[in-house]
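What follows is a set of notes on a single structure, which appears directly below.
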Number of protein chains: 2
Amino acid sequence: MDPRIIEHAKIMVEWCTEVKKGDMVVIRAPPVAHEFVVALTKEVARVGGRPIVQMSSEEVDRAFFDGASEETLQIFPRHEKALVEECDVYIAVRSPMNTTALANVDPKRIMINNKTIHEITTIRLDKRWSLTVHPCPTLAQQANMSLEEYREFVYNATLIDWKEESKNLYLMKEHLERHDDIRYIGPETDIHASTKGRIWVASDGKHNMPSGEIFTAPVDDSVEGRIYFDIPFMQQGKVIQGVRLTFEKGEVVDFSAEKEEPTLKSIIETDEGSRRLGEMAIGTNRGIKQYTLNMLFDEKIGDTIHCALGQAYKDCNGVNESAVHVDMIKTMHEGEIFAGDELIYSKGKYFFEM
Amino acid sequence: MDPRIIEHAKIMVEWCTEVKKGDMVVIRAPPVAHEFVVALTKEVARVGGRPIVQMSSEEVDRAFFDGASEETLQIFPRHEKALVEECDVYIAVRSPMNTTALANVDPKRIMINNKTIHEITTIRLDKRWSLTVHPCPTLAQQANMSLEEYREFVYNATLIDWKEESKNLYLMKEHLERHDDIRYIGPETDIHASTKGRIWVASDGKHNMPSGEIFTAPVDDSVEGRIYFDIPFMQQGKVIQGVRLTFEKGEVVDFSAEKEEPTLKSIIETDEGSRRLGEMAIGTNRGIKQYTLNMLFDEKIGDTIHCALGQAYKDCNGVNESAVHVDMIKTMHEGEIFAGDELIYSKGKYFFEM
């Protein structure tokens, strides 16, 4: 087996979910991740956990939607609830067999089903959970790479010293929380917001692997200024690029995109909350050097910031509500980040590197 | 998708497990059976069931044994119990990725784990359960066939008129249970046993797909005579062939095998119960025309009988106890089966075909 698969499994079990003796573990993974499941199972067993593997598959999900009546979509899967309720740790491996398997399912039917299983999703979030990917052809293709290149990419992002990364993130949290506002400056960009009463969450790879970001929810009506996001991102199957946003009193008052502006427009106009920022964040994972149109990786690219229109996280004391949460990323090699009067980042260096 | 996969899925859902609206269904299947899982999921959804897929894999099992301490093998997987307890239907697809993945695990460790999960196995047997295979390369190889030939073989065995097969089996049960003994006659064979107080179970494909057999547990000390089993079978990784057994007062008093006699000897000498027959049966599935060293199929070959040394089934009112249950098969094209004085089968014809 590729020794990187084993190292990845060790990180999931020891760092992300801290599996210990007697833990009931659910590993949810697709067929294409079988080898990773083998590695995960051995690591879980080694530390005294008891694993059970749930098979995930977009094609199976699609078959369910194709077969089920609207009534069936509303039948509560109590056996799945029982499984999730009795587990201590939940490891999800998202390596799609086909990212478009559900493309032609009526979104209303997906929403009905999501509503049916919402209770299970909530229970799951109360467990020690973590989400990762195992390199697979569909993700390599989406990233415009060969499978071997993509493996290199994924393991560069995940097989890093998470203790060290965590230390830096918590140091940054301490400094950011000393102040009541945040400001991003850079090419075509000068935007600031109040963070009073909000929490900066240091995402050090417990729930997302890879991670490497620190994020908060800005005070809703406080965002002012303009920003240019140079990294493309995928939404509704479209690649949106070169987004420019201008904010007044927390709301988008002007916007444009170099590519797919109508999709950007539809996102901004989704609801009341989608005109406001639900998240402002700093990406810190230097193992990730390029975007791959996969937000799990892209928003963590080192030397970037990102902002999300829409839903805010409760963990940050955020209150903005929206049906969407759309992240947009900006490289900061030529930019600066200020918390109050403190320079947090400048042109390739975080304050602790200056 | 191969339309035979869909038909197979329909049989599993409609005939074998009779899934109905509101049923909680567990499908346990290996990665190699993904396409069959897609078909099963759609059929389950179509009749109003709610499926969840558990991934089975010998390589994952092996990784568990490789990682787990003896203490960990004894930790009860309460999340798996919760899942099984809350399900109504359990469909197991046994398509091994590698039949020898567990070959070098200490059998004592496997036994310890089996003991740990015994309660779960018992709960599962109280559900509407069924077991089948999806054609895969390892089973094709074991059967000495190409994958396409093996598909043909599997679907010939499974995609048959189970209502008709069932009718014949229940007719046979009626006739067999009118009498108190059973006798197999054929080349180098004349063996008889009492079936007084015992039940003949008509296996019409509910729990095994394919099925097509009727079996009972003979009265323990009543088996007398000799029998020659011409069909090879696999035990402990060895292919045993040409077994001859002689019984007196229910016990093996003489035995030989043309191939792998030492393995046969070790089976017979396992314990007290392994010297006696736990099962006597008649195979009726004419869709199966050749052996493939897979007992799920071989014991059901049409125009055969089989006997098993060891453990008897409680369903038959059997009482013989043993750690083994080893089936051995004999073709009956030149043989006869009597229940009391009634001719049940003669040289290629069951009584209802005469």
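Residues in the structure tokens are numbered from 1 in each chain, the chains being A, B, ... in the order shown, and ligands are numbered from 1 in the order shown.
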Per-residue nearest contacts chain A to chain B, cut-off 7 Å, using only C-alpha atoms, as JSON lines:
{"residue": "A:Gly22", "atom": "CA", "partner": "B:Ile75", "partner_atom": "CA", "distance": 6.6}
{"residue": "A:Met24", "atom": "CA", "partner": "B:His79", "partner_atom": "CA", "distance": 6.4}
{"residue": "A:Pro31", "atom": "CA", "partner": "B:Pro31", "partner_atom": "CA", "distance": 4.7}
{"residue": "A:Val37", "atom": "CA", "partner": "B:Val60", "partner_atom": "CA", "distance": 6.9}
{"residue": "A:Val38", "atom": "CA", "partner": "B:Val60", "partner_atom": "CA", "distance": 4.7}
{"residue": "A:Thr41", "atom": "CA", "partner": "B:Phe64", "partner_atom": "CA", "distance": 5.7}
{"residue": "A:Lys42", "atom": "CA", "partner": "B:Gly67", "partner_atom": "CA", "distance": 4.6}
{"residue": "A:Glu43", "atom": "CA", "partner": "B:Gly67", "partner_atom": "CA", "distance": 6.5}
{"residue": "A:Ala45", "atom": "CA", "partner": "B:Ala68", "partner_atom": "CA", "distance": 4.6}
{"residue": "A:Arg46", "atom": "CA", "partner": "B:Gly67", "partner_atom": "CA", "distance": 4.4}
{"residue": "A:Gly48", "atom": "CA", "partner": "B:Thr72", "partner_atom": "CA", "distance": 5.3}
{"residue": "A:Arg50", "atom": "CA", "partner": "B:Pro77", "partner_atom": "CA", "distance": 6.1}
{"residue": "A:Ile52", "atom": "CA", "partner": "B:Glu80", "partner_atom": "CA", "distance": 7.0}
{"residue": "A:Val53", "atom": "CA", "partner": "B:Met55", "partner_atom": "CA", "distance": 5.4}
{"residue": "A:Gln54", "atom": "CA", "partner": "B:Gln54", "partner_atom": "CA", "distance": 4.5}
{"residue": "A:Met55", "atom": "CA", "partner": "B:Met55", "partner_atom": "CA", "distance": 5.0}
{"residue": "A:Glu59", "atom": "CA", "partner": "B:Val38", "partner_atom": "CA", "distance": 6.5}
{"residue": "A:Val60", "atom": "CA", "partner": "B:Val38", "partner_atom": "CA", "distance": 4.7}
{"residue": "A:Ala63", "atom": "CA", "partner": "B:Lys42", "partner_atom": "CA", "distance": 4.7}
{"residue": "A:Phe64", "atom": "CA", "partner": "B:Lys42", "partner_atom": "CA", "distance": 5.1}
{"residue": "A:Asp66", "atom": "CA", "partner": "B:Lys42", "partner_atom": "CA", "distance": 6.5}
{"residue": "A:Gly67", "atom": "CA", "partner": "B:Arg46", "partner_atom": "CA", "distance": 4.4}
{"residue": "A:Ala68", "atom": "CA", "partner": "B:Ala45", "partner_atom": "CA", "distance": 4.6}
{"residue": "A:Thr72", "atom": "CA", "partner": "B:Gly48", "partner_atom": "CA", "distance": 5.3}
{"residue": "A:Ile75", "atom": "CA", "partner": "B:Gly22", "partner_atom": "CA", "distance": 6.6}
{"residue": "A:Pro77", "atom": "CA", "partner": "B:Arg50", "partner_atom": "CA", "distance": 6.1}
{"residue": "A:Arg78", "atom": "CA", "partner": "B:Glu86", "partner_atom": "CA", "distance": 6.7}
{"residue": "A:His79", "atom": "CA", "partner": "B:Glu86", "partner_atom": "CA", "distance": 4.7}
{"residue": "A:Glu80", "atom": "CA", "partner": "B:Leu83", "partner_atom": "CA", "distance": 6.6}
{"residue": "A:Ala82", "atom": "CA", "partner": "B:Ala82", "partner_atom": "CA", "distance": 5.3}
{"residue": "A:Leu83", "atom": "CA", "partner": "B:Leu83", "partner_atom": "CA", "distance": 4.9}
{"residue": "A:Glu86", "atom": "CA", "partner": "B:His79", "partner_atom": "CA", "distance": 4.7}
{"residue": "A:Cys87", "atom": "CA", "partner": "B:His79", "partner_atom": "CA", "distance": 5.6}
(request) Enumerate, as a PyMOL selection string, the complete set of residues in region 135-340 of chain B that a backbone-based DSSP assignment places in strand (DSSP E or B). (result) chain B and resi 181-186+189-194+201-203+208-209+213-216+224-229+231+233-235+238-241+243-248+251-256+259+277-283+285+301+304-310+325-331+336-339
(request) Can you list, as number ranges by chain, all residues belonging to region 47-290 of chain B that DSSP tags as alpha helix (DSSP H)? (result) B: 58-67, 70-73, 78-85, 107-116, 118-125, 137-142, 147-158, 162-176, 261-268
(message) My list of candidates is B:Lys127, B:Gly283, B:Asn114, B:Asn104. Which is closest to Val89 (chain B) when distances are computed with only C-alpha atoms?
(response)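 Among the listed residues, B:Lys127 lies closest to Val89 (chain B).
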(request) Just the residues within 12 Å of Leu139 (chain B), please, counting only C-alpha atoms, with nothing from its chain fewer than 5 positions along; format it as a VMD selection string. (result) chain B and resid 32 94 to 100 133 to 134 144 to 151 153 to 154 292 to 297
Output of the above residues as a tab-separated table (two decimals), in the first residue's frame, restricted to N, CA and C atoms:
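Output saved as result_37.tsv:
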chain	number	residue	atom	x	y	z
B	32	VAL	N	-17.15	-4.51	-5.01
B	32	VAL	CA	-17.26	-5.11	-6.33
B	32	VAL	C	-18.72	-5.31	-6.75
B	94	ARG	N	-22.61	-11.63	-1.06
B	94	ARG	CA	-21.28	-12.20	-0.79
B	94	ARG	C	-20.51	-12.39	-2.08
B	95	SER	N	-19.79	-11.36	-2.47
B	95	SER	CA	-18.96	-11.40	-3.67
B	95	SER	C	-17.55	-11.05	-3.22
B	96	PRO	N	-16.79	-12.05	-2.83
B	96	PRO	CA	-15.49	-11.73	-2.23
B	96	PRO	C	-14.56	-11.02	-3.18
B	97	MET	N	-13.83	-10.06	-2.62
B	97	MET	CA	-12.79	-9.37	-3.36
B	97	MET	C	-11.54	-10.26	-3.39
B	98	ASN	N	-11.40	-11.05	-2.32
B	98	ASN	CA	-10.26	-11.96	-2.21
B	98	ASN	C	-10.62	-13.02	-1.18
B	99	THR	N	-10.89	-14.23	-1.67
B	99	THR	CA	-11.38	-15.30	-0.76
B	99	THR	C	-10.31	-15.71	0.25
B	100	THR	N	-9.06	-15.35	0.03
B	100	THR	CA	-8.02	-15.81	0.94
B	100	THR	C	-7.48	-14.70	1.85
B	133	VAL	N	-25.15	-13.85	-4.17
B	133	VAL	CA	-23.87	-13.37	-4.69
B	133	VAL	C	-24.12	-12.52	-5.92
B	134	HIS	N	-23.22	-11.57	-6.15
B	134	HIS	CA	-23.18	-10.85	-7.41
B	134	HIS	C	-21.95	-11.38	-8.15
B	144	ASN	N	-13.61	-21.73	-12.10
B	144	ASN	CA	-12.87	-22.10	-13.31
B	144	ASN	C	-13.57	-21.61	-14.58
B	145	MET	N	-14.12	-20.39	-14.52
B	145	MET	CA	-14.87	-19.83	-15.65
B	145	MET	C	-14.38	-18.40	-15.93
B	146	SER	N	-14.72	-17.92	-17.14
B	146	SER	CA	-14.55	-16.50	-17.41
B	146	SER	C	-15.66	-15.76	-16.65
B	147	LEU	N	-15.50	-14.45	-16.48
B	147	LEU	CA	-16.52	-13.69	-15.76
B	147	LEU	C	-17.85	-13.76	-16.48
B	148	GLU	N	-17.83	-13.68	-17.81
B	148	GLU	CA	-19.08	-13.69	-18.57
B	148	GLU	C	-19.78	-15.06	-18.46
B	149	GLU	N	-18.98	-16.13	-18.51
B	149	GLU	CA	-19.55	-17.47	-18.30
B	149	GLU	C	-20.16	-17.58	-16.91
B	150	TYR	N	-19.44	-17.01	-15.93
B	150	TYR	CA	-19.91	-17.13	-14.56
B	150	TYR	C	-21.21	-16.35	-14.36
B	151	ARG	N	-21.31	-15.20	-15.02
B	151	ARG	CA	-22.57	-14.44	-14.96
B	151	ARG	C	-23.72	-15.31	-15.47
B	153	PHE	N	-23.88	-18.47	-15.57
B	153	PHE	CA	-24.10	-19.53	-14.57
B	153	PHE	C	-24.97	-19.02	-13.41
B	154	VAL	N	-24.59	-17.86	-12.85
B	154	VAL	CA	-25.32	-17.32	-11.68
B	154	VAL	C	-26.76	-16.97	-12.05
B	292	THR	N	-19.27	-25.55	-8.68
B	292	THR	CA	-18.33	-24.44	-8.80
B	292	THR	C	-17.53	-24.26	-7.51
B	293	LEU	N	-17.56	-25.27	-6.65
B	293	LEU	CA	-16.86	-25.21	-5.35
B	293	LEU	C	-17.38	-24.07	-4.47
B	294	ASN	N	-18.65	-23.72	-4.67
B	294	ASN	CA	-19.30	-22.72	-3.84
B	294	ASN	C	-20.59	-23.37	-3.34
B	295	MET	N	-20.65	-23.66	-2.03
B	295	MET	CA	-21.74	-24.48	-1.51
B	295	MET	C	-23.10	-23.82	-1.71
B	296	LEU	N	-23.13	-22.46	-1.73
B	296	LEU	CA	-24.41	-21.77	-1.97
B	296	LEU	C	-25.08	-22.30	-3.24
B	297	PHE	N	-24.26	-22.65	-4.23
B	297	PHE	CA	-24.79	-23.17	-5.49
B	297	PHE	C	-24.76	-24.70	-5.53
(message) Residues near Lys289 (chain B), anyone? I mean within 8 Å using only C-alpha atoms, not counting same-chain ones fewer than 3 positions away, as number ranges by chain.
(response) B: 286, 301-302
May I have the residues from that selection written out with N, CA and C atoms, as a compact mmCIF listing (two decimals), in the first residue's frame?
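To be explicit, this is the file written out as out_24.txt:
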# COMPACT_ATOMS: atom_id res chain seq x y z
N ARG B 286 -32.62 -27.03 -11.19
CA ARG B 286 -32.14 -27.52 -12.50
C ARG B 286 -31.44 -26.41 -13.28
N ILE B 301 -27.70 -28.05 -6.78
CA ILE B 301 -27.72 -28.60 -8.14
C ILE B 301 -28.90 -29.58 -8.29
N GLY B 302 -29.64 -29.44 -9.37
CA GLY B 302 -30.78 -30.33 -9.61
C GLY B 302 -30.31 -31.77 -9.76
(message) Just the number, please: distance in Å from CA of Glu321 (chain B) to CA of Asp106 (chain B), one decimal.
(response)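 Interatomic distance here is 23.6 Å.
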(message) Please report the interatomic distance between CA of Thr216 (chain B) and CA of Gly242 (chain B) in Å with one decimal.
(response) 23.4 Å
(message) For region 4-6 of chain A, find every residue with an atom within 7 Å (counting only C-alpha atoms), except residues of its own chain fewer than 2 positions away, and show them as a list in words.
(response) Asp2, His8, Ala9, Lys10, Phe36, Ala39 and Tyr155 of chain A
(message) Need the shell around region 322-338 of chain A: protein/DNA/RNA residues with any atom at most 7 Å away, counting only C-alpha atoms. Skip same-chain ones fewer than 2 positions apart. Format as a ChimeraX atom specification?
(response) /A:182-186,228-231,233,271,273-274,299,303-311,320,340-348
(request) Find the residues around Leu125 (chain B) up to 12 Å (only C-alpha atoms counted), leave out those fewer than 2 positions away in its own chain, and share them as a list in words. (result) Val84, Glu85, Cys87, Asp88, Val89, Tyr90, Ile91, Ala92, His118, Glu119, Ile120, Thr121, Thr122, Ile123, Lys127, Arg128, Trp129, Ser130, Leu131 and His207 of chain B
Residues of the last selection are to be written out with N, CA and C atoms, as a PDB file, in the first residue's frame.
ATOM      1  N   VAL B  84     -28.679  -3.271  13.310  1.00  0.00           N
ATOM      2  CA  VAL B  84     -29.336  -4.538  12.963  1.00  0.00           C
ATOM      3  C   VAL B  84     -30.684  -4.655  13.692  1.00  0.00           C
ATOM      4  N   GLU B  85     -30.695  -4.223  14.943  1.00  0.00           N
ATOM      5  CA  GLU B  85     -31.923  -4.303  15.731  1.00  0.00           C
ATOM      6  C   GLU B  85     -33.046  -3.478  15.101  1.00  0.00           C
ATOM      7  N   CYS B  87     -33.477  -2.762  11.973  1.00  0.00           N
ATOM      8  CA  CYS B  87     -33.841  -3.056  10.589  1.00  0.00           C
ATOM      9  C   CYS B  87     -34.889  -4.158  10.524  1.00  0.00           C
ATOM     10  N   ASP B  88     -35.639  -4.157   9.426  1.00  0.00           N
ATOM     11  CA  ASP B  88     -36.649  -5.194   9.203  1.00  0.00           C
ATOM     12  C   ASP B  88     -36.137  -6.249   8.237  1.00  0.00           C
ATOM     13  N   VAL B  89     -35.272  -5.815   7.343  1.00  0.00           N
ATOM     14  CA  VAL B  89     -34.810  -6.679   6.255  1.00  0.00           C
ATOM     15  C   VAL B  89     -33.289  -6.564   6.138  1.00  0.00           C
ATOM     16  N   TYR B  90     -32.650  -7.706   5.930  1.00  0.00           N
ATOM     17  CA  TYR B  90     -31.186  -7.736   5.827  1.00  0.00           C
ATOM     18  C   TYR B  90     -30.807  -8.524   4.574  1.00  0.00           C
ATOM     19  N   ILE B  91     -30.204  -7.830   3.613  1.00  0.00           N
ATOM     20  CA  ILE B  91     -29.786  -8.485   2.366  1.00  0.00           C
ATOM     21  C   ILE B  91     -28.257  -8.508   2.330  1.00  0.00           C
ATOM     22  N   ALA B  92     -27.685  -9.719   2.291  1.00  0.00           N
ATOM     23  CA  ALA B  92     -26.221  -9.840   2.261  1.00  0.00           C
ATOM     24  C   ALA B  92     -25.776 -10.295   0.880  1.00  0.00           C
ATOM     25  N   HIS B 118     -21.723 -12.636  18.352  1.00  0.00           N
ATOM     26  CA  HIS B 118     -22.733 -13.687  18.216  1.00  0.00           C
ATOM     27  C   HIS B 118     -24.154 -13.156  18.419  1.00  0.00           C
ATOM     28  N   GLU B 119     -24.312 -12.268  19.393  1.00  0.00           N
ATOM     29  CA  GLU B 119     -25.639 -11.707  19.679  1.00  0.00           C
ATOM     30  C   GLU B 119     -26.208 -10.998  18.434  1.00  0.00           C
ATOM     31  N   ILE B 120     -25.336 -10.301  17.718  1.00  0.00           N
ATOM     32  CA  ILE B 120     -25.775  -9.570  16.522  1.00  0.00           C
ATOM     33  C   ILE B 120     -26.202 -10.547  15.425  1.00  0.00           C
ATOM     34  N   THR B 121     -25.416 -11.617  15.253  1.00  0.00           N
ATOM     35  CA  THR B 121     -25.746 -12.644  14.270  1.00  0.00           C
ATOM     36  C   THR B 121     -27.127 -13.240  14.572  1.00  0.00           C
ATOM     37  N   THR B 122     -27.399 -13.442  15.841  1.00  0.00           N
ATOM     38  CA  THR B 122     -28.679 -14.020  16.249  1.00  0.00           C
ATOM     39  C   THR B 122     -29.834 -13.064  15.948  1.00  0.00           C
ATOM     40  N   ILE B 123     -29.653 -11.794  16.276  1.00  0.00           N
ATOM     41  CA  ILE B 123     -30.704 -10.797  16.009  1.00  0.00           C
ATOM     42  C   ILE B 123     -31.000 -10.764  14.506  1.00  0.00           C
ATOM     43  N   LYS B 127     -34.642 -11.407  11.501  1.00  0.00           N
ATOM     44  CA  LYS B 127     -35.177 -10.460  10.519  1.00  0.00           C
ATOM     45  C   LYS B 127     -35.547 -11.217   9.248  1.00  0.00           C
ATOM     46  N   ARG B 128     -36.167 -10.526   8.304  1.00  0.00           N
ATOM     47  CA  ARG B 128     -36.338 -11.118   6.970  1.00  0.00           C
ATOM     48  C   ARG B 128     -34.996 -10.958   6.257  1.00  0.00           C
ATOM     49  N   TRP B 129     -34.199 -12.035   6.262  1.00  0.00           N
ATOM     50  CA  TRP B 129     -32.848 -11.942   5.710  1.00  0.00           C
ATOM     51  C   TRP B 129     -32.710 -12.817   4.481  1.00  0.00           C
ATOM     52  N   SER B 130     -31.795 -12.424   3.620  1.00  0.00           N
ATOM     53  CA  SER B 130     -31.481 -13.254   2.465  1.00  0.00           C
ATOM     54  C   SER B 130     -30.040 -13.015   2.036  1.00  0.00           C
ATOM     55  N   LEU B 131     -29.474 -14.051   1.466  1.00  0.00           N
ATOM     56  CA  LEU B 131     -28.058 -14.079   1.113  1.00  0.00           C
ATOM     57  C   LEU B 131     -27.921 -14.442  -0.353  1.00  0.00           C
ATOM     58  N   HIS B 207     -34.178 -17.405   1.987  1.00  0.00           N
ATOM     59  CA  HIS B 207     -32.947 -17.049   2.706  1.00  0.00           C
ATOM     60  C   HIS B 207     -31.685 -17.187   1.862  1.00  0.00           C
TER      61      HIS B 207
END
(request) Between B:Glu269, B:Asp298, B:Glu224, B:Glu260, single out the one closest to His192 (chain B), counting only C-alpha atoms. (result)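 So, comparing all the options, the nearest one is B:Glu224.
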(request) Figure out the distance between CA of Pro218 (chain A) and CA of Thr270 (chain A), please, to one decimal in Å. (result)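 About the pair CA of Thr270 (chain A) and CA of Pro218 (chain A): they are 19.7 Å apart.
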